[in-house]
$ cat my_file17.cif   # mmCIF, C-alpha atoms
data_query
loop_
_atom_site.label_atom_id
_atom_site.label_comp_id
_atom_site.auth_asym_id
_atom_site.auth_seq_id
_atom_site.Cartn_x
_atom_site.Cartn_y
_atom_site.Cartn_z
CA MET A 1257 94.70 87.23 78.98
CA LEU A 1258 92.54 88.41 81.86
CA ILE A 1259 90.92 84.98 81.94
CA ARG A 1260 94.07 82.98 81.16
CA TYR A 1261 96.33 84.56 83.77
CA ARG A 1262 96.01 82.91 87.19
CA GLY A 1263 96.32 85.94 89.42
CA GLY A 1264 95.90 85.76 93.16
CA GLU A 1265 93.66 87.56 95.63
CA GLY A 1266 94.94 90.97 94.47
CA MET A 1267 93.77 90.35 90.91
CA LEU A 1268 90.38 89.07 92.10
CA ALA A 1269 90.00 92.09 94.39
CA TRP A 1270 90.72 94.38 91.45
CA ALA A 1271 88.39 92.48 89.06
CA PHE A 1272 85.49 92.68 91.55
CA HIS A 1273 86.29 96.35 92.13
CA ARG A 1274 86.01 97.03 88.39
CA ILE A 1275 82.84 94.98 87.95
CA SER A 1276 81.16 96.61 90.97
CA GLY A 1277 82.30 100.03 89.72
CA VAL A 1278 80.66 99.46 86.34
CA ALA A 1279 77.48 98.19 88.06
CA ILE A 1280 77.35 101.35 90.21
CA TRP A 1281 77.90 103.54 87.16
CA VAL A 1282 74.99 101.78 85.36
CA PHE A 1283 72.74 102.41 88.37
CA VAL A 1284 73.77 106.07 88.69
CA THR A 1285 72.92 106.56 85.00
CA LEU A 1286 69.57 104.86 85.53
CA HIS A 1287 68.97 106.96 88.64
CA ILE A 1288 69.63 110.21 86.76
CA ILE A 1289 67.08 109.11 84.14
CA ASP A 1290 64.40 108.15 86.68
CA ILE A 1291 64.82 111.39 88.65
CA PHE A 1292 64.54 113.28 85.36
CA LEU A 1293 61.24 111.46 84.73
CA ALA A 1294 59.83 112.75 88.06
CA GLY A 1295 59.52 116.20 86.47
CA ALA A 1296 59.23 115.31 82.79
CA ASN A 1297 56.75 112.42 82.98
CA PRO A 1298 55.33 111.65 86.47
CA GLY A 1299 53.32 108.70 85.14
CA ALA A 1300 56.44 107.00 83.78
CA TYR A 1301 58.25 107.84 87.04
CA ASN A 1302 55.56 106.01 89.06
CA THR A 1303 55.89 103.00 86.75
CA VAL A 1304 59.66 102.95 87.28
CA LEU A 1305 59.13 103.05 91.07
CA GLN A 1306 56.77 100.08 90.77
CA VAL A 1307 59.50 98.18 88.89
CA TYR A 1308 61.97 99.05 91.69
CA ALA A 1309 59.49 97.70 94.26
CA SER A 1310 58.86 94.45 92.35
CA PRO A 1311 60.73 91.23 93.28
CA ILE A 1312 63.14 91.66 90.33
CA GLY A 1313 63.68 95.32 91.30
CA ARG A 1314 64.46 94.31 94.90
CA ILE A 1315 66.93 91.67 93.73
CA GLY A 1316 68.52 94.39 91.60
CA GLU A 1317 68.68 96.70 94.62
CA THR A 1318 70.32 93.93 96.64
CA VAL A 1319 72.95 93.48 93.91
CA LEU A 1320 73.43 97.25 93.84
CA GLY A 1321 73.88 97.30 97.62
CA ALA A 1322 76.43 94.48 97.37
CA ALA A 1323 78.32 96.36 94.64
CA LEU A 1324 78.33 99.59 96.69
CA LEU A 1325 79.45 97.80 99.85
CA TYR A 1326 82.25 95.84 98.14
CA HIS A 1327 83.45 98.87 96.17
CA SER A 1328 83.59 101.07 99.26
CA LEU A 1329 85.30 98.47 101.47
CA ASN A 1330 87.89 97.62 98.81
CA GLY A 1331 88.35 101.34 98.17
CA LEU A 1332 89.25 101.74 101.84
CA ARG A 1333 91.68 98.81 101.51
CA ILE A 1334 93.38 100.57 98.60
CA ILE A 1335 93.47 103.89 100.46
CA ILE A 1336 95.13 102.22 103.47
CA MET A 1337 97.85 100.80 101.20
CA ASP A 1338 98.22 104.12 99.37
CA PHE A 1339 98.84 106.02 102.62
CA TRP A 1340 100.89 103.32 104.32
CA PRO A 1341 102.63 101.17 101.66
CA VAL A 1342 103.89 98.79 104.37
CA PHE A 1343 100.32 97.40 104.48
CA THR A 1344 100.83 95.92 101.00
CA ARG A 1345 102.37 93.01 102.91
CA TYR A 1346 98.95 92.30 104.36
CA HIS A 1347 96.81 92.96 101.26
CA ARG A 1348 95.38 89.44 101.35
CA GLN A 1349 94.43 89.71 105.00
CA LEU A 1350 92.84 93.11 104.32
CA TRP A 1351 90.82 91.54 101.51
CA TYR A 1352 89.60 88.73 103.76
CA LEU A 1353 88.70 91.37 106.35
CA ASN A 1354 86.71 93.10 103.58
CA TRP A 1355 84.71 89.94 103.00
CA ALA A 1356 84.08 89.49 106.73
CA LEU A 1357 82.72 93.05 106.97
CA PHE A 1358 80.83 92.56 103.71
CA THR A 1359 79.07 89.53 105.18
CA ILE A 1360 78.38 91.12 108.57
CA VAL A 1361 76.90 94.30 107.05
CA GLY A 1362 75.54 92.86 103.79
CA LEU A 1363 73.43 89.97 105.05
CA PRO A 1364 71.12 92.05 107.32
CA VAL A 1365 70.79 94.71 104.60
CA ALA A 1366 69.92 92.08 102.00
CA PHE A 1367 67.38 90.60 104.42
CA ILE A 1368 65.69 93.97 104.91
CA ILE A 1369 65.56 94.70 101.15
CA LEU A 1370 64.31 91.23 100.18
CA LYS A 1371 61.87 90.73 103.08
CA PRO A 1372 58.78 92.15 101.22
CA ILE A 1373 59.25 89.57 98.44
CA PHE A 1374 58.42 86.86 100.96
CA GLY A 1375 55.35 88.77 102.19
CA GLN A 1376 56.76 89.75 105.59
CA MET B 1160 107.10 59.90 85.72
CA GLN B 1161 105.56 61.08 82.46
CA VAL B 1162 104.62 64.75 82.19
CA ASP B 1163 102.30 66.22 79.57
CA LEU B 1164 104.18 69.35 78.55
CA ARG B 1165 102.09 71.74 76.42
CA ILE B 1166 104.03 74.51 74.72
CA LEU B 1167 102.54 77.44 72.82
CA ARG B 1168 104.56 77.27 69.61
CA TYR B 1169 104.79 79.94 66.96
CA ASP B 1170 107.08 80.19 63.95
CA PRO B 1171 106.29 83.41 62.04
CA GLU B 1172 107.72 81.90 58.85
CA ARG B 1173 105.44 78.86 58.93
CA ASP B 1174 102.49 79.35 61.26
CA ALA B 1175 99.41 81.53 60.85
CA GLY B 1176 99.31 82.02 64.61
CA PRO B 1177 100.38 80.52 67.94
CA HIS B 1178 99.18 76.99 68.61
CA TRP B 1179 99.59 74.46 71.43
CA VAL B 1180 101.78 71.41 70.91
CA SER B 1181 101.87 68.59 73.47
CA TYR B 1182 104.96 66.58 74.38
CA SER B 1183 105.09 63.57 76.66
CA VAL B 1184 108.29 64.01 78.64
CA GLU B 1185 109.97 61.76 81.19
CA ALA B 1186 110.66 63.84 84.30
CA GLU B 1187 111.74 63.58 87.91
CA PRO B 1188 109.71 65.56 90.48
CA THR B 1189 112.83 67.63 91.16
CA ASP B 1190 113.35 68.51 87.49
CA ARG B 1191 112.82 72.15 86.62
CA VAL B 1192 110.60 73.26 83.76
CA LEU B 1193 113.80 74.41 82.05
CA ASP B 1194 115.05 70.81 82.15
CA LEU B 1195 111.86 69.66 80.41
CA LEU B 1196 112.24 72.32 77.73
CA HIS B 1197 115.84 71.21 77.18
CA ARG B 1198 114.67 67.60 76.88
CA VAL B 1199 112.19 68.55 74.15
CA LYS B 1200 114.75 70.70 72.34
CA TYR B 1201 117.57 68.14 72.50
CA GLU B 1202 115.57 64.96 71.95
CA VAL B 1203 112.34 65.83 70.09
CA ASP B 1204 112.41 69.13 68.22
CA GLY B 1205 115.59 71.16 67.90
CA ALA B 1206 113.62 74.06 66.45
CA LEU B 1207 111.98 74.81 69.82
CA THR B 1208 113.15 78.31 70.69
CA PHE B 1209 113.48 79.87 74.13
CA ARG B 1210 115.88 82.10 76.01
CA ARG B 1211 118.00 80.87 78.91
CA SER B 1212 121.45 81.70 80.07
CA CYS B 1213 122.61 81.04 83.63
CA GLY B 1214 119.88 78.52 84.41
CA HIS B 1215 119.98 79.44 88.10
CA GLY B 1216 117.63 82.39 88.55
CA VAL B 1217 120.24 85.09 88.26
CA CYS B 1218 120.18 86.28 84.64
CA GLY B 1219 116.37 86.48 84.24
CA SER B 1220 116.38 85.18 80.65
CA ASP B 1221 113.85 82.38 80.95
CA ALA B 1222 110.78 84.11 82.37
CA MET B 1223 107.66 82.63 80.80
CA LEU B 1224 104.01 81.91 81.48
CA ILE B 1225 103.99 78.53 83.25
CA ASN B 1226 100.62 77.06 84.24
CA GLY B 1227 99.02 80.49 83.96
CA ARG B 1228 101.58 82.46 85.99
CA ASN B 1229 104.79 84.22 85.08
CA ARG B 1230 107.80 82.41 86.52
CA LEU B 1231 111.41 81.59 85.72
CA ALA B 1232 111.61 78.16 84.05
CA CYS B 1233 114.89 77.53 85.91
CA ARG B 1234 113.37 78.27 89.33
CA ILE B 1235 110.22 76.16 89.22
CA ARG B 1236 110.27 72.40 89.77
CA VAL B 1237 107.73 69.88 88.48
CA GLU B 1238 106.80 68.94 92.08
CA GLN B 1239 106.06 72.60 92.89
CA LEU B 1240 103.50 72.77 90.09
CA GLY B 1241 101.62 69.88 91.70
CA ARG B 1242 100.33 68.22 88.54
CA ARG B 1243 101.55 66.28 85.55
CA ARG B 1244 100.11 68.61 82.96
CA ILE B 1245 102.27 71.66 82.48
CA SER B 1246 101.58 74.50 80.05
CA VAL B 1247 104.29 76.89 78.91
CA ALA B 1248 103.63 80.05 76.90
CA PRO B 1249 105.59 83.23 76.16
CA LEU B 1250 105.31 86.19 78.54
CA PRO B 1251 101.90 87.83 78.03
CA GLY B 1252 101.53 91.31 76.62
CA LEU B 1253 104.86 91.32 74.76
CA PRO B 1254 105.23 90.70 70.99
CA VAL B 1255 106.26 87.09 70.26
CA ILE B 1256 109.28 86.65 68.01
CA LYS B 1257 109.30 82.85 67.96
CA ASP B 1258 107.94 80.17 70.31
CA LEU B 1259 108.78 81.36 73.84
CA VAL B 1260 110.97 84.29 72.79
CA VAL B 1261 109.40 87.73 73.14
CA ASP B 1262 110.56 91.12 71.91
CA MET B 1263 112.05 92.89 74.95
CA ASP B 1264 113.04 96.13 73.14
CA GLY B 1265 110.04 98.09 74.44
CA PHE B 1266 110.60 96.73 77.95
CA PHE B 1267 114.24 97.87 77.99
CA ALA B 1268 113.34 101.25 76.44
CA LYS B 1269 111.08 101.86 79.45
CA TYR B 1270 113.84 100.68 81.77
CA ARG B 1271 116.20 103.25 80.21
CA SER B 1272 113.54 105.98 80.36
CA VAL B 1273 113.75 106.19 84.18
CA GLN B 1274 117.52 106.84 84.05
CA PRO B 1275 118.62 103.76 85.99
CA PHE B 1276 122.08 105.03 86.91
CA LEU B 1277 123.62 107.20 89.62
CA ILE B 1278 123.07 110.92 88.97
CA THR B 1279 125.19 113.38 90.93
CA ASP B 1280 126.22 117.01 90.63
CA GLY B 1281 129.83 118.06 90.75
CA PRO B 1282 133.03 116.06 90.46
CA PRO B 1283 133.28 112.61 92.01
CA PRO B 1284 134.84 112.47 95.50
CA SER B 1285 138.42 111.30 95.90
CA ARG B 1286 137.22 108.32 97.94
CA GLU B 1287 134.02 106.26 98.01
CA ARG B 1288 130.57 107.81 98.42
CA ARG B 1289 129.79 106.89 102.00
CA GLN B 1290 126.42 105.56 103.07
CA SER B 1291 125.14 104.31 106.42
CA PRO B 1292 123.66 100.79 106.73
CA GLU B 1293 120.26 102.41 107.38
CA GLU B 1294 120.50 104.49 104.18
CA ARG B 1295 121.50 101.37 102.24
CA ALA B 1296 118.62 99.40 103.72
CA ARG B 1297 116.11 101.98 102.47
CA TYR B 1298 116.30 100.67 98.90
CA ASP B 1299 117.77 97.20 99.47
CA ASP B 1300 114.67 95.37 98.22
CA THR B 1301 114.68 97.02 94.81
CA THR B 1302 118.38 96.28 94.16
CA LYS B 1303 117.41 92.63 93.64
CA CYS B 1304 115.69 93.10 90.26
CA ILE B 1305 117.07 90.94 87.43
CA LEU B 1306 115.00 92.55 84.65
CA CYS B 1307 113.25 89.30 83.70
CA ALA B 1308 110.00 91.18 82.83
CA ALA B 1309 107.85 88.69 84.76
CA CYS B 1310 106.30 91.59 86.69
CA THR B 1311 105.61 94.02 83.86
CA SER B 1312 104.13 91.33 81.62
CA SER B 1313 101.85 90.06 84.42
CA CYS B 1314 100.26 93.48 84.91
CA PRO B 1315 96.70 93.98 83.55
CA SER B 1316 97.34 97.74 83.40
CA PHE B 1317 100.24 97.01 81.04
CA TRP B 1318 98.15 94.63 78.94
CA ALA B 1319 95.51 97.35 78.56
CA GLN B 1320 97.98 100.19 77.99
CA PRO B 1321 101.32 99.05 76.58
CA ASP B 1322 102.67 102.61 76.98
CA TYR B 1323 102.53 102.16 80.79
CA VAL B 1324 106.13 102.32 82.01
CA GLY B 1325 105.47 99.17 84.05
CA PRO B 1326 106.49 97.73 87.41
CA ALA B 1327 110.06 96.77 86.47
CA ALA B 1328 111.02 100.31 85.38
CA ILE B 1329 109.44 101.76 88.54
CA VAL B 1330 111.40 99.29 90.67
CA GLN B 1331 114.58 100.45 88.96
CA ALA B 1332 113.65 104.08 89.55
CA HIS B 1333 112.88 103.31 93.22
CA ARG B 1334 116.36 101.83 93.61
CA PHE B 1335 117.90 105.26 92.79
CA ILE B 1336 115.22 107.65 94.07
CA PHE B 1337 115.73 106.39 97.62
CA ASP B 1338 119.52 106.09 97.34
CA SER B 1339 121.01 108.78 99.61
CA ARG B 1340 123.97 109.24 97.22
CA ASP B 1341 121.80 109.99 94.19
CA GLU B 1342 120.70 113.50 93.20
CA GLY B 1343 118.43 112.70 90.26
CA ALA B 1344 115.24 111.91 92.19
CA ASP B 1345 113.43 115.02 90.94
CA GLU B 1346 114.05 114.11 87.30
CA ARG B 1347 112.87 110.54 87.80
CA LEU B 1348 109.80 111.55 89.79
CA GLU B 1349 108.90 113.98 87.01
CA ILE B 1350 109.15 111.17 84.45
CA LEU B 1351 107.06 108.82 86.59
CA ALA B 1352 104.40 111.48 87.30
CA ASP B 1353 103.48 111.23 83.62
CA GLN B 1354 100.07 109.79 82.68
CA ASP B 1355 101.81 106.53 81.70
CA GLY B 1356 103.83 106.51 84.91
CA VAL B 1357 103.00 105.25 88.40
CA TRP B 1358 99.34 106.31 88.33
CA ARG B 1359 98.45 103.43 86.03
CA CYS B 1360 99.12 101.01 88.91
CA ARG B 1361 95.82 99.59 90.22
CA THR B 1362 97.37 97.68 93.16
CA ILE B 1363 96.58 94.33 91.54
CA PHE B 1364 99.68 92.61 93.02
CA ASN B 1365 100.30 90.32 90.01
CA CYS B 1366 103.76 91.89 89.79
CA THR B 1367 104.60 91.15 93.42
CA ASP B 1368 103.32 87.58 93.08
CA ALA B 1369 105.26 87.02 89.84
CA CYS B 1370 108.63 88.41 90.97
CA PRO B 1371 111.10 85.50 91.21
CA ARG B 1372 113.28 87.58 93.56
CA GLY B 1373 110.49 88.27 96.03
CA ILE B 1374 110.65 92.05 95.62
CA GLU B 1375 107.71 93.88 97.18
CA ILE B 1376 106.99 95.61 93.88
CA THR B 1377 103.56 97.07 94.64
CA ARG B 1378 104.98 98.58 97.82
CA ALA B 1379 107.85 100.13 95.83
CA ILE B 1380 105.38 101.60 93.31
CA LEU B 1381 103.26 103.09 96.10
CA GLU B 1382 106.37 104.55 97.77
CA VAL B 1383 107.30 106.25 94.51
CA SER B 1384 103.70 107.53 94.16
CA ALA B 1385 103.89 108.94 97.70
CA ALA B 1386 107.23 110.60 96.89
CA ILE B 1387 105.64 112.28 93.84
CA VAL B 1388 102.74 113.56 95.97
CA GLU B 1389 105.12 114.86 98.67
CA ARG B 1390 107.23 116.59 96.04
CA HIS B 1391 104.23 118.42 94.64
CA GLY B 1392 102.65 118.98 98.06
#
$ encode --input "my_file17.cif" --output "structure tokens"
Amino acid sequence: MLIRYRGGEGMLAWAFHRISGVAIWVFVTLHIIDIFLAGANPGAYNTVLQVYASPIGRIGETVLGAALLYHSLNGLRIIIMDFWPVFTRYHRQLWYLNWALFTIVGLPVAFIILKPIFGQ
Amino acid sequence: MQVDLRILRYDPERDAGPHWVSYSVEAEPTDRVLDLLHRVKYEVDGALTFRRSCGHGVCGSDAMLINGRNRLACRIRVEQLGRRRISVAPLPGLPVIKDLVVDMDGFFAKYRSVQPFLITDGPPPSRERRQSPEERARYDDTTKCILCAACTSSCPSFWAQPDYVGPAAIVQAHRFIFDSRDEGADERLEILADQDGVWRCRTIFNCTDACPRGIEITRAILEVSAAIVERHG
């Protein structure tokens, strides 16, 4: 039904919020494991850090940054509506504002993370 | 013009499961989807089953999933759908009895659970219960609900957790909680503070988009949530 129902911006905002939330949870789990390795197995920890610094690792970090940024911006959108329900009238505009901020903040961050891949 | 009307049919006595059946129907752009369903029922297959009563968006009987969104078949015209292929299915998330008819018992049980009637202490006054225009305006929006279930059955939280009381019941509770004449707000807020109450709302807005009466449902749900927080705060 999730695929069949043609929801609007609100449903998309929620779906992305869920997906980004799961992605963040996966990273936090991974992060707990790699920090654990720093004490338990320093050699394995160094290998993990090398994976993080590889091109695939940097793409992963960019995706993680995007998930964090979207999740936090949309979280603020939800908080605004929670505190002032009258803003539900403008939930679409708030979502578009989210994407504007996402682009303004996200593009430079992605550039900085991905720059070493291109040897700069 | 010819319209390709696809209907999700299901007869529990004959079919293993729901299946799509296509009908080529002659239609005017100003015809409503309800008119097309009538045409199929009267001229092609009399066994086609669906609910409708007033046919003018007042009774709320003919809510169904039309082109992927919950709407009233009597309120949506062919020209509004913008294409000649129209799909009609029963309301999602509710048990199907036959064709487009769903079991509404659970929906109405939730409606009754929020005590959708005036609660007052003491004997009734000798004259009317007075209310200022401002007090009446406070809950005006939520008096418009026709209990069609388009909102509740469009809610992903309800699909995932059928015990969720759902938007329609919360709208009905809102109508009384913010009525200055009513004295049952505490009871209703207690009911809605339950784990299957207002907290299951994820501000997805499908309910608001689906409401044929234009009720700001998500806003009403958030106002009830705020009232619960204030009551406990």
$ interface_residues --input "my_file17.cif" --of "chain B" --to "chain A" --cutoff "6 Å" --atoms "all atoms listed in the file" --output "list in words"
Gly1227, Arg1228, Ile1363, Phe1364, Asn1365, Arg1378 and Leu1381 of chain B
$ residues_around --input "my_file17.cif" --residues "range 1318-1329 of chain B" --least-positions-apart "4" --cutoff "7 Å" --atoms "only C-alpha atoms" --output "PDB file with C-alpha atoms, in the coordinates of the input"
ATOM      1  CA  GLY B1252     101.530  91.310  76.620  1.00  0.00           C
ATOM      2  CA  LYS B1269     111.080 101.860  79.450  1.00  0.00           C
ATOM      3  CA  TYR B1270     113.840 100.680  81.770  1.00  0.00           C
ATOM      4  CA  VAL B1273     113.750 106.190  84.180  1.00  0.00           C
ATOM      5  CA  LEU B1306     115.000  92.550  84.650  1.00  0.00           C
ATOM      6  CA  ALA B1308     110.000  91.180  82.830  1.00  0.00           C
ATOM      7  CA  CYS B1310     106.300  91.590  86.690  1.00  0.00           C
ATOM      8  CA  THR B1311     105.610  94.020  83.860  1.00  0.00           C
ATOM      9  CA  CYS B1314     100.260  93.480  84.910  1.00  0.00           C
ATOM     10  CA  HIS B1333     112.880 103.310  93.220  1.00  0.00           C
ATOM     11  CA  ASP B1355     101.810 106.530  81.700  1.00  0.00           C
ATOM     12  CA  GLY B1356     103.830 106.510  84.910  1.00  0.00           C
ATOM     13  CA  ARG B1359      98.450 103.430  86.030  1.00  0.00           C
ATOM     14  CA  CYS B1366     103.760  91.890  89.790  1.00  0.00           C
ATOM     15  CA  ILE B1376     106.990  95.610  93.880  1.00  0.00           C
ATOM     16  CA  ILE B1380     105.380 101.600  93.310  1.00  0.00           C
TER      17      ILE B1380
END
$ resolve_selection --input "my_file17.cif" --expression "the PyMOL selection byres ((chain A and resi 1325) around 12)" --output "ChimeraX atom specification"
/A:1272-1273,1276-1277,1279-1280,1318-1324,1326-1332,1354-1363,1365-1366
$ write_last_selection --input "my_file17.cif" --atoms "C-alpha atoms" --output "short mmCIF file (atom, residue, chain, number, x, y, z; two decimals), keeping the file's coordinate frame"
data_model
loop_
_atom_site.label_atom_id
_atom_site.label_comp_id
_atom_site.auth_asym_id
_atom_site.auth_seq_id
_atom_site.Cartn_x
_atom_site.Cartn_y
_atom_site.Cartn_z
CA PHE A 1272 85.49 92.68 91.55
CA HIS A 1273 86.29 96.35 92.13
CA SER A 1276 81.16 96.61 90.97
CA GLY A 1277 82.30 100.03 89.72
CA ALA A 1279 77.48 98.19 88.06
CA ILE A 1280 77.35 101.35 90.21
CA THR A 1318 70.32 93.93 96.64
CA VAL A 1319 72.95 93.48 93.91
CA LEU A 1320 73.43 97.25 93.84
CA GLY A 1321 73.88 97.30 97.62
CA ALA A 1322 76.43 94.48 97.37
CA ALA A 1323 78.32 96.36 94.64
CA LEU A 1324 78.33 99.59 96.69
CA TYR A 1326 82.25 95.84 98.14
CA HIS A 1327 83.45 98.87 96.17
CA SER A 1328 83.59 101.07 99.26
CA LEU A 1329 85.30 98.47 101.47
CA ASN A 1330 87.89 97.62 98.81
CA GLY A 1331 88.35 101.34 98.17
CA LEU A 1332 89.25 101.74 101.84
CA ASN A 1354 86.71 93.10 103.58
CA TRP A 1355 84.71 89.94 103.00
CA ALA A 1356 84.08 89.49 106.73
CA LEU A 1357 82.72 93.05 106.97
CA PHE A 1358 80.83 92.56 103.71
CA THR A 1359 79.07 89.53 105.18
CA ILE A 1360 78.38 91.12 108.57
CA VAL A 1361 76.90 94.30 107.05
CA GLY A 1362 75.54 92.86 103.79
CA LEU A 1363 73.43 89.97 105.05
CA VAL A 1365 70.79 94.71 104.60
CA ALA A 1366 69.92 92.08 102.00
#
$ closest_residue --input "my_file17.cif" --among "A:Ala1300, A:Ala1309, A:Ala1294, A:Val1284" --to "Leu1370 in chain A" --atoms "all atoms listed in the file"
A:Ala1309
$ resolve_selection --input "my_file17.cif" --expression "the PyMOL selection byres ((chain B and resi 1259-1267) around 7)" --output "list in words"
Thr1208, Phe1209, Arg1210, Ala1248, Pro1249, Leu1250, Leu1253, Pro1254, Val1255, Ile1256, Lys1257, Asp1258, Ala1268, Lys1269, Tyr1270 and Arg1271 of chain B
$ closest_residue --input "my_file17.cif" --among "B:Arg1297, B:Glu1346, B:Thr1189, B:Cys1370" --to "Met1223 in chain B" --atoms "all atoms listed in the file"
B:Cys1370
$ atom_distance --input "my_file17.cif" --atom1 "CA of Val1357 in chain B" --atom2 "CA of Ser1384 in chain B"
6.2 Å
$ atom_distance --input "my_file17.cif" --atom1 "CA of Met1160 in chain B" --atom2 "CA of Gly1216 in chain B"
25.0 Å
$ residues_around --input "my_file17.cif" --residues "Asp1190 in chain B" --least-positions-apart "5" --cutoff "12 Å" --atoms "only C-alpha atoms" --output "PyMOL selection string"
chain B and resi 1160-1162+1184-1185+1195-1198+1232-1240
$ residues_around --input "my_file17.cif" --residues "Asp1290 in chain A" --least-positions-apart "2" --cutoff "12 Å" --atoms "all atoms listed in the file" --output "list in words"
Phe1283, Val1284, Thr1285, Leu1286, His1287, Ile1288, Phe1292, Leu1293, Ala1294, Gly1295, Ala1296, Asn1297, Pro1298, Gly1299, Ala1300, Tyr1301, Asn1302, Thr1303, Val1304, Leu1305, Gln1306, Val1307 and Tyr1308 of chain A
$ write_last_selection --input "my_file17.cif" --atoms "C-alpha atoms" --output "mmCIF file, keeping the file's coordinate frame"
data_model
loop_
_atom_site.group_PDB
_atom_site.id
_atom_site.type_symbol
_atom_site.label_atom_id
_atom_site.label_comp_id
_atom_site.auth_asym_id
_atom_site.auth_seq_id
_atom_site.Cartn_x
_atom_site.Cartn_y
_atom_site.Cartn_z
ATOM 1 C CA PHE A 1283 72.740 102.410 88.370
ATOM 2 C CA VAL A 1284 73.770 106.070 88.690
ATOM 3 C CA THR A 1285 72.920 106.560 85.000
ATOM 4 C CA LEU A 1286 69.570 104.860 85.530
ATOM 5 C CA HIS A 1287 68.970 106.960 88.640
ATOM 6 C CA ILE A 1288 69.630 110.210 86.760
ATOM 7 C CA PHE A 1292 64.540 113.280 85.360
ATOM 8 C CA LEU A 1293 61.240 111.460 84.730
ATOM 9 C CA ALA A 1294 59.830 112.750 88.060
ATOM 10 C CA GLY A 1295 59.520 116.200 86.470
ATOM 11 C CA ALA A 1296 59.230 115.310 82.790
ATOM 12 C CA ASN A 1297 56.750 112.420 82.980
ATOM 13 C CA PRO A 1298 55.330 111.650 86.470
ATOM 14 C CA GLY A 1299 53.320 108.700 85.140
ATOM 15 C CA ALA A 1300 56.440 107.000 83.780
ATOM 16 C CA TYR A 1301 58.250 107.840 87.040
ATOM 17 C CA ASN A 1302 55.560 106.010 89.060
ATOM 18 C CA THR A 1303 55.890 103.000 86.750
ATOM 19 C CA VAL A 1304 59.660 102.950 87.280
ATOM 20 C CA LEU A 1305 59.130 103.050 91.070
ATOM 21 C CA GLN A 1306 56.770 100.080 90.770
ATOM 22 C CA VAL A 1307 59.500 98.180 88.890
ATOM 23 C CA TYR A 1308 61.970 99.050 91.690
#
$ atom_distance --input "my_file17.cif" --atom1 "CA of Arg1314 in chain A" --atom2 "CA of Ile1373 in chain A"
7.9 Å
$ closest_residue --input "my_file17.cif" --among "B:Asp1194, B:Arg1347, B:Arg1230, B:Arg1340" --to "Glu1287 in chain B" --atoms "only C-alpha atoms"
B:Arg1340
